[in-house]
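What follows is a short report on a single structure.
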Amino acid sequence: MQERGPAHGVRPRRPGGGQAAQAGRRAEGTDRGAHRARRPDPERSADQGPGREAAAVGVPPRRGSGTPDLPLLIPGPPGGPTQRGSMADDKALTTRAADFSAWYNEVIARAQLADYSPVRGCMVIRPNGYAIWEQMQQALDRMFKDTGHQNAYFPLFIPQSFLAREAEHVEGFAPETAVVTIGGGKVLEEPLVVRPTSETIIYAMYAKWIQSWRDLPLLINQWANVVRWEMRTRLFLRTTEFLWQEGHTAHATEEEAEAETLMILGIYRRFAEEWMAMPVLTGRKSDGEKFAGALRTYAIEALMQDNKALQAGTSHNLGQNFAKAFDVTFQTADGGLGHVWNTSWGVSTRLVGGLIMTHSDDVGLVCPPRLAQYQVVIVPIYRKDEERVAVIEAAERLQQTLRAANIRVHLDARDGLKPGAKYYEWESKGAPFRLELGPRDLAAEQVMLARRTGGKEPIPMAGIGDRIHVEIDAMQQALLGAAVARREAGTIRGATREQLVEAMNGAGGFVYGGWCGDATCENDIKDQTKATIRVLPDEEFRSDPAPTRCIWCNRDAVTEAVWAKAY
RNA sequence: CGGGGCGUAGCGUAGCCUGGUAGCGCGCCUGCUUCGGGAGCAGGAGGUCGCCGGUUCAAAUCCGGCCGCCCCGACCA
């Protein structure tokens with residue numbers, strides 16, 4: 001899948017592909033059904049199906065949603081016309097079990113996160129989706145600033161010749177760049193590439209800015225859009241244009257650059273876990289999967305509910321490749337001249353897709369409270385006019401109270417919609433908490449708290465700000481815990497070749513095994529199973545005992561690897 | 001680029017075979033009654049039937065060409 005870090009560019013050398021791969025694919029398609037029921041549903045613990053939720057609230061399950069026992073992780077019937085789900089006359093979404101892809105698209109449409117653009121492959125990020133991205137930006141930006149980075153902005157257009165300066169880099173990106181050849185009605189002397197990533201333009205500038213070791217390290221990040229001409233696109237996961245941050249640093253020594261690369265990887269991991277409640281594996285990419293132009297690429301990898309992996313962020317040690325290509329030199333303390341050591345790292349709006357596929361259920365979006373646009377939505381309940389006045393007034397006071405407690409809150413005071421309709425709407429939009437406020441609650445000085453993940457109970461008005469903060473922390477933890485459990489259920493360690501093949505033909509998931517380090521095995525596995533090495537896991541994630549044999553060729557293993565089919 | 005499918009109101013669709021008033025559901029607007037889990041009634045607005053051409057008294061419908069979209073491949077990851 002594609003790297004959405006600056007990493008993005010990871011451009012594996014094209015393996016032979018061909019007949020074997022096609023045959024394998026065909027086989028997978030036809031006997032997929034046979035593997036379906038095999039695996040226990042790893043989903044159960046991770047998610048409150050609508051049935052479960054409904055039960056907790058004491059309401060009969062809605063039609064089409066009461067099938068919590070179907071295993072997920074199953075793509076829909078191959079080639080079937082499944083995604084025509086008529087959301088108009090059926091209020092339930094296509095279920096994850098029935099068709100994960102269709103479900104994903106419908107969650108986005110229902111929650112109004114994004115819409116298709118008139119330009120093929122491009123996406124309009126709607127306010128609800130952009131709000132999540134803004135929360136992500138704020139959290140990440142804080143972490144970057146706290147570690148000494150500054151923001152800057154480099155231009156969208158890059159002289160075409162710049163891309164060519166680094167051999168691997170140009171090979172990786174040339175096929176997917178958009179190129180401007182006309183400006184102001186005149187054919188340009190040199191075509192301009194719309195940046196697919198900014199290494200070249202940035203290091204060209206660094207060459208001007210860096211003279212002495214005293215100018216190092218240079219730690220810059222930019223928030224920007226980039227364009228990659230993808231053939232097949234999916235909302236948030238892979239679009240022609242997307243938003244991201246790309247950090248670019250220059251250091252005096254290789255050790256410093258490596259430390260920076262790993263430090264950022266740690267930030268990405270922390271962000272994924274603490275803010276997105278999305279557990280990730282960290283590790284290094286194989287040479288075949290690394291960024292075009294990097295020495296080493298590290299990544300965070302998450303497992304989605306359909307048991308496919310998502311590369312959620314990448315951090316590269318670029319060595320001196322770009323420094324040499326762009327002549328970024330500096331005078332050392334002892335008077336010598338050296339090339340700087342660079343890193344680059346990024347995460348993109350793809351994270352929003354990861355968020356959706358990690359937590360959401362058959363009712364719609366589930367958003368961890370720390371990233372939710374509205375952590376709390378207040379729904380007023382009333383019949384008569386007098387009640388309305390009193391309830392709305394109390395709801396506004398409640399809103400002020402929560403705001404004062406630093407909670408993002410929205411009062412849904414729309415008239416003409418019954419409360420139930422609002423409940424469903426905010427559930428599909430992923431609001432973590434709903435506070436229902438009616439005459440009975442006013443009398444009792446309480447409010448009904450309903451959690452998006454299930455459960456509803458009255459809580460006292462007094463001290464409600466503190467209570468909500470406790471609830472936010474609890475839900476954040478619960479979502480992470482459930483996602484970890486789901487990932488573990490979808491993981492096989494110490495797998496044999498047969499287990500790898502079987503897993504990739506069926507349920508998917510992370511498969512750990514030994515690897516001889518030979519690209520031939522890597523490519524054969526990819527051709528025959530569609531699985532790629534997601535990471536060579538960091539120590540914390542490695543198996544004990546370590547595998548000693550290559551999962552494919554049975555020669556001595558030089559490392560452990562994690563395979564999965566990826567987005 | 002190859003194989004398959006589809007273009008009719010914002011969304012989902014019927015009508016096409018057998019040419020003759022463009023219909024339904026959801027959504028939207030107005031009003032009244034409603035409101036503790038997807039409200040009801042009444043009245044409304046909204047359509048170059050993808051585009052161009054042909055046949056015909058008459059084309060959403062038949063014929064030809066083109067365009068676009070989706071799926072499976074290829075490509076990419």
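Identifiers in this document derive from the order of the structure tokens: chains are assigned A, B, ..., residues are numbered from 1 separately in each chain, and ligands are numbered from 1 in order of occurrence.
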
Inset, instruction - Fewer than 6 positions away in the same chain doesn't count, so skip those; otherwise give me all residues within 7 Å of Val194 in chain A, counting only C-alpha atoms (C1' of nucleotides), as a PyMOL selection string. - result: chain A and resi 156-158+177-179+227

Put those residues in a file: N, CA, C and O atoms, as a PDB file, in the first residue's frame.
```pdb
ATOM      1  N   LEU A 156       4.320  24.719  -3.863  1.00  0.00           N
ATOM      2  CA  LEU A 156       3.645  23.588  -4.500  1.00  0.00           C
ATOM      3  C   LEU A 156       4.387  23.113  -5.744  1.00  0.00           C
ATOM      4  O   LEU A 156       4.423  21.922  -6.048  1.00  0.00           O
ATOM      5  N   PHE A 157       4.956  24.069  -6.466  1.00  0.00           N
ATOM      6  CA  PHE A 157       5.589  23.724  -7.740  1.00  0.00           C
ATOM      7  C   PHE A 157       7.076  23.462  -7.578  1.00  0.00           C
ATOM      8  O   PHE A 157       7.785  24.231  -6.926  1.00  0.00           O
ATOM      9  N   ILE A 158       7.530  22.400  -8.215  1.00  0.00           N
ATOM     10  CA  ILE A 158       8.934  22.027  -8.152  1.00  0.00           C
ATOM     11  C   ILE A 158       9.466  21.894  -9.574  1.00  0.00           C
ATOM     12  O   ILE A 158       8.836  21.235 -10.401  1.00  0.00           O
ATOM     13  N   THR A 177       3.568  11.696 -11.023  1.00  0.00           N
ATOM     14  CA  THR A 177       3.517  13.135 -10.818  1.00  0.00           C
ATOM     15  C   THR A 177       2.595  13.813 -11.828  1.00  0.00           C
ATOM     16  O   THR A 177       2.417  13.345 -12.944  1.00  0.00           O
ATOM     17  N   ALA A 178       2.018  14.928 -11.376  1.00  0.00           N
ATOM     18  CA  ALA A 178       1.265  15.803 -12.272  1.00  0.00           C
ATOM     19  C   ALA A 178       2.217  16.931 -12.660  1.00  0.00           C
ATOM     20  O   ALA A 178       2.968  17.426 -11.826  1.00  0.00           O
ATOM     21  N   VAL A 179       2.209  17.286 -13.912  1.00  0.00           N
ATOM     22  CA  VAL A 179       3.185  18.251 -14.407  1.00  0.00           C
ATOM     23  C   VAL A 179       2.477  19.427 -15.082  1.00  0.00           C
ATOM     24  O   VAL A 179       1.585  19.234 -15.905  1.00  0.00           O
ATOM     25  N   VAL A 227       0.320  15.845  -4.367  1.00  0.00           N
ATOM     26  CA  VAL A 227      -0.441  15.187  -5.438  1.00  0.00           C
ATOM     27  C   VAL A 227       0.320  13.973  -5.966  1.00  0.00           C
ATOM     28  O   VAL A 227       1.507  14.066  -6.277  1.00  0.00           O
TER      29      VAL A 227
END
```

Inset, instruction - Would you mind writing down, as a PyMOL selection string, each residue of range 302-432 of chain A that DSSP on the backbone assigns to helix (DSSP H, G or I)? - result: chain A and resi 321-325+350-359+369-371+385-404+419-428

Inset, instruction - For Ala302 in chain A, please output as an MDAnalysis selection string all residues within 6 Å (counting only C-alpha atoms (C1' of nucleotides); exclusion window: fewer than 4 positions along the same chain). - result: chainID A and resid 280 309:310

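Rounded to one decimal, CA of Ala257 in chain A and CA of Met205 in chain A lie 18.6 Å from each other.
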
Legend entry - For Arg534 in chain A, the nearest of the candidates A:Lys290, A:Arg487, A:His359, A:Arg493, counting only C-alpha atoms: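 Going through A:Lys290, A:Arg487, A:His359, A:Arg493 one by one, the smallest distance to Arg534 in chain A is for A:Lys290.
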
Inset, instruction - For Ser428 in chain A, work out the shell of residues within 8 Å, counting only C-alpha atoms (C1' of nucleotides) and skipping chain neighbours fewer than 3 positions away, then give it as number ranges by chain. - result: A: 107, 110-111, 363-366, 424-425, 431

Expected file: the selected residues, all heavy atoms, as a PDB file, in the first residue's frame:
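Result file result-v6.pdb:
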```
ATOM      1  N   VAL A 107     -20.230   4.873   5.761  1.00  0.00           N
ATOM      2  CA  VAL A 107     -19.933   5.561   7.029  1.00  0.00           C
ATOM      3  C   VAL A 107     -19.507   6.996   6.723  1.00  0.00           C
ATOM      4  O   VAL A 107     -19.962   7.949   7.367  1.00  0.00           O
ATOM      5  CB  VAL A 107     -18.820   4.829   7.818  1.00  0.00           C
ATOM      6  CG1 VAL A 107     -18.310   5.700   8.961  1.00  0.00           C
ATOM      7  CG2 VAL A 107     -19.335   3.507   8.355  1.00  0.00           C
ATOM      8  N   ARG A 110     -22.517   9.009   5.407  1.00  0.00           N
ATOM      9  CA  ARG A 110     -23.513   9.266   6.443  1.00  0.00           C
ATOM     10  C   ARG A 110     -23.013  10.301   7.447  1.00  0.00           C
ATOM     11  O   ARG A 110     -23.767  11.158   7.903  1.00  0.00           O
ATOM     12  CB  ARG A 110     -23.857   7.948   7.146  1.00  0.00           C
ATOM     13  CG  ARG A 110     -25.022   8.014   8.078  1.00  0.00           C
ATOM     14  CD  ARG A 110     -26.345   8.194   7.348  1.00  0.00           C
ATOM     15  NE  ARG A 110     -26.773   7.017   6.634  1.00  0.00           N
ATOM     16  CZ  ARG A 110     -27.501   6.033   7.148  1.00  0.00           C
ATOM     17  NH1 ARG A 110     -27.862   6.064   8.406  1.00  0.00           N
ATOM     18  NH2 ARG A 110     -27.852   5.005   6.408  1.00  0.00           N
ATOM     19  N   ALA A 111     -21.766  10.209   7.790  1.00  0.00           N
ATOM     20  CA  ALA A 111     -21.195  11.143   8.766  1.00  0.00           C
ATOM     21  C   ALA A 111     -20.766  12.444   8.097  1.00  0.00           C
ATOM     22  O   ALA A 111     -20.278  13.356   8.764  1.00  0.00           O
ATOM     23  CB  ALA A 111     -20.014  10.507   9.489  1.00  0.00           C
ATOM     24  N   VAL A 363     -23.394   0.968  12.935  1.00  0.00           N
ATOM     25  CA  VAL A 363     -24.284   2.114  13.074  1.00  0.00           C
ATOM     26  C   VAL A 363     -23.668   3.352  12.422  1.00  0.00           C
ATOM     27  O   VAL A 363     -24.360   4.260  11.979  1.00  0.00           O
ATOM     28  CB  VAL A 363     -24.583   2.394  14.561  1.00  0.00           C
ATOM     29  CG1 VAL A 363     -25.412   3.642  14.736  1.00  0.00           C
ATOM     30  CG2 VAL A 363     -25.286   1.197  15.187  1.00  0.00           C
ATOM     31  N   GLY A 364     -22.341   3.368  12.354  1.00  0.00           N
ATOM     32  CA  GLY A 364     -21.671   4.514  11.757  1.00  0.00           C
ATOM     33  C   GLY A 364     -20.331   4.786  12.423  1.00  0.00           C
ATOM     34  O   GLY A 364     -19.739   3.902  13.040  1.00  0.00           O
ATOM     35  N   LEU A 365     -19.911   6.043  12.318  1.00  0.00           N
ATOM     36  CA  LEU A 365     -18.603   6.425  12.832  1.00  0.00           C
ATOM     37  C   LEU A 365     -18.528   6.278  14.351  1.00  0.00           C
ATOM     38  O   LEU A 365     -19.466   6.621  15.062  1.00  0.00           O
ATOM     39  CB  LEU A 365     -18.335   7.889  12.455  1.00  0.00           C
ATOM     40  CG  LEU A 365     -16.991   8.483  12.882  1.00  0.00           C
ATOM     41  CD1 LEU A 365     -15.850   7.824  12.118  1.00  0.00           C
ATOM     42  CD2 LEU A 365     -16.978   9.983  12.644  1.00  0.00           C
ATOM     43  N   VAL A 366     -17.410   5.753  14.809  1.00  0.00           N
ATOM     44  CA  VAL A 366     -17.074   5.816  16.229  1.00  0.00           C
ATOM     45  C   VAL A 366     -15.754   6.573  16.311  1.00  0.00           C
ATOM     46  O   VAL A 366     -14.767   6.157  15.712  1.00  0.00           O
ATOM     47  CB  VAL A 366     -16.915   4.414  16.844  1.00  0.00           C
ATOM     48  CG1 VAL A 366     -16.397   4.514  18.272  1.00  0.00           C
ATOM     49  CG2 VAL A 366     -18.232   3.654  16.813  1.00  0.00           C
ATOM     50  N   TYR A 424     -29.931   8.933  16.494  1.00  0.00           N
ATOM     51  CA  TYR A 424     -29.369   8.156  15.381  1.00  0.00           C
ATOM     52  C   TYR A 424     -28.378   8.994  14.573  1.00  0.00           C
ATOM     53  O   TYR A 424     -27.335   8.513  14.157  1.00  0.00           O
ATOM     54  CB  TYR A 424     -30.493   7.649  14.464  1.00  0.00           C
ATOM     55  CG  TYR A 424     -31.229   6.476  15.045  1.00  0.00           C
ATOM     56  CD1 TYR A 424     -32.501   6.621  15.586  1.00  0.00           C
ATOM     57  CD2 TYR A 424     -30.644   5.216  15.061  1.00  0.00           C
ATOM     58  CE1 TYR A 424     -33.181   5.540  16.113  1.00  0.00           C
ATOM     59  CE2 TYR A 424     -31.305   4.125  15.597  1.00  0.00           C
ATOM     60  CZ  TYR A 424     -32.579   4.297  16.130  1.00  0.00           C
ATOM     61  OH  TYR A 424     -33.232   3.232  16.664  1.00  0.00           O
ATOM     62  N   GLU A 425     -28.746  10.240  14.366  1.00  0.00           N
ATOM     63  CA  GLU A 425     -27.864  11.084  13.563  1.00  0.00           C
ATOM     64  C   GLU A 425     -26.501  11.261  14.229  1.00  0.00           C
ATOM     65  O   GLU A 425     -25.462  11.095  13.585  1.00  0.00           O
ATOM     66  CB  GLU A 425     -28.517  12.456  13.339  1.00  0.00           C
ATOM     67  CG  GLU A 425     -27.618  13.381  12.533  1.00  0.00           C
ATOM     68  CD  GLU A 425     -28.282  14.711  12.200  1.00  0.00           C
ATOM     69  OE1 GLU A 425     -29.517  14.724  11.999  1.00  0.00           O
ATOM     70  OE2 GLU A 425     -27.557  15.723  12.149  1.00  0.00           O
ATOM     71  N   ALA A 431     -20.386  10.998  17.538  1.00  0.00           N
ATOM     72  CA  ALA A 431     -20.258  11.762  18.784  1.00  0.00           C
ATOM     73  C   ALA A 431     -20.093  10.784  19.952  1.00  0.00           C
ATOM     74  O   ALA A 431     -20.936   9.914  20.149  1.00  0.00           O
ATOM     75  CB  ALA A 431     -21.488  12.639  18.998  1.00  0.00           C
TER      76      ALA A 431
END
```

Inset, instruction - Within 7 Å of chain A, which residues of chain B are there when counting only C-alpha atoms (C1' of nucleotides)? Please give them as a list in words. - result: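 Here is what falls inside 7 Å: C11, G12, G25, C26, C35, G36, G37, G38, C71, C72, C76 and A77 of chain B.
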
Legend entry - Proximity to C51 in chain B - best of B:C66, B:A9, B:C32, B:C1, only C-alpha atoms (C1' of nucleotides):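 Closest to C51 in chain B, using only C-alpha atoms (C1' of nucleotides): B:C66.
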
Legend entry - Residues within 6 Å of Leu318 in chain A, only C-alpha atoms (C1' of nucleotides), excluding chain neighbours under 2 positions, as a PyMOL selection string: chain A and resi 294-295+316+342-343

Write out as a short mmCIF file (atom, residue, chain, number, x, y, z; two decimals) with N, CA, C and O atoms (P, O5', C5', C4', C3', O3' and C1' of nucleotides), in the first residue's frame each polymer residue whose atoms come within 12 Å of C63 in chain B, counting only C-alpha atoms (C1' of nucleotides); drop sequence neighbours fewer than 6 positions from it.
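This is the output file selection.cif:
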```cif
data_model
loop_
_atom_site.label_atom_id
_atom_site.label_comp_id
_atom_site.auth_asym_id
_atom_site.auth_seq_id
_atom_site.Cartn_x
_atom_site.Cartn_y
_atom_site.Cartn_z
P G B 53 -27.66 17.55 -32.46
"O5'" G B 53 -27.74 16.25 -33.38
"C5'" G B 53 -27.20 16.28 -34.70
"C4'" G B 53 -27.07 14.90 -35.27
"C3'" G B 53 -28.33 14.24 -35.81
"O3'" G B 53 -28.75 14.77 -37.05
"C1'" G B 53 -27.08 12.65 -34.62
P G B 54 -30.32 14.70 -37.41
"O5'" G B 54 -30.54 13.15 -37.66
"C5'" G B 54 -29.88 12.49 -38.74
"C4'" G B 54 -30.19 11.02 -38.74
"C3'" G B 54 -31.67 10.65 -38.90
"O3'" G B 54 -32.10 10.71 -40.24
"C1'" G B 54 -30.68 9.35 -37.18
P U B 55 -33.63 11.08 -40.54
"O5'" U B 55 -34.41 9.78 -40.07
"C5'" U B 55 -34.20 8.53 -40.73
"C4'" U B 55 -35.03 7.45 -40.09
"C3'" U B 55 -36.51 7.79 -39.91
"O3'" U B 55 -37.25 7.57 -41.10
"C1'" U B 55 -35.65 6.87 -37.91
P U B 56 -38.25 8.71 -41.62
"O5'" U B 56 -39.38 8.68 -40.51
"C5'" U B 56 -40.17 7.51 -40.32
"C4'" U B 56 -41.01 7.65 -39.09
"C3'" U B 56 -41.86 8.93 -39.02
"O3'" U B 56 -43.04 8.83 -39.78
"C1'" U B 56 -40.78 8.52 -36.94
#
```

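Using only C-alpha atoms, the smallest distance between any of A:Gln112, A:Gln211, A:Thr253, A:Thr529 and Ala503 in chain A comes from A:Thr529.
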
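Put simply, CA of Gly313 in chain A is 24.6 Å away from CA of Asp473 in chain A.
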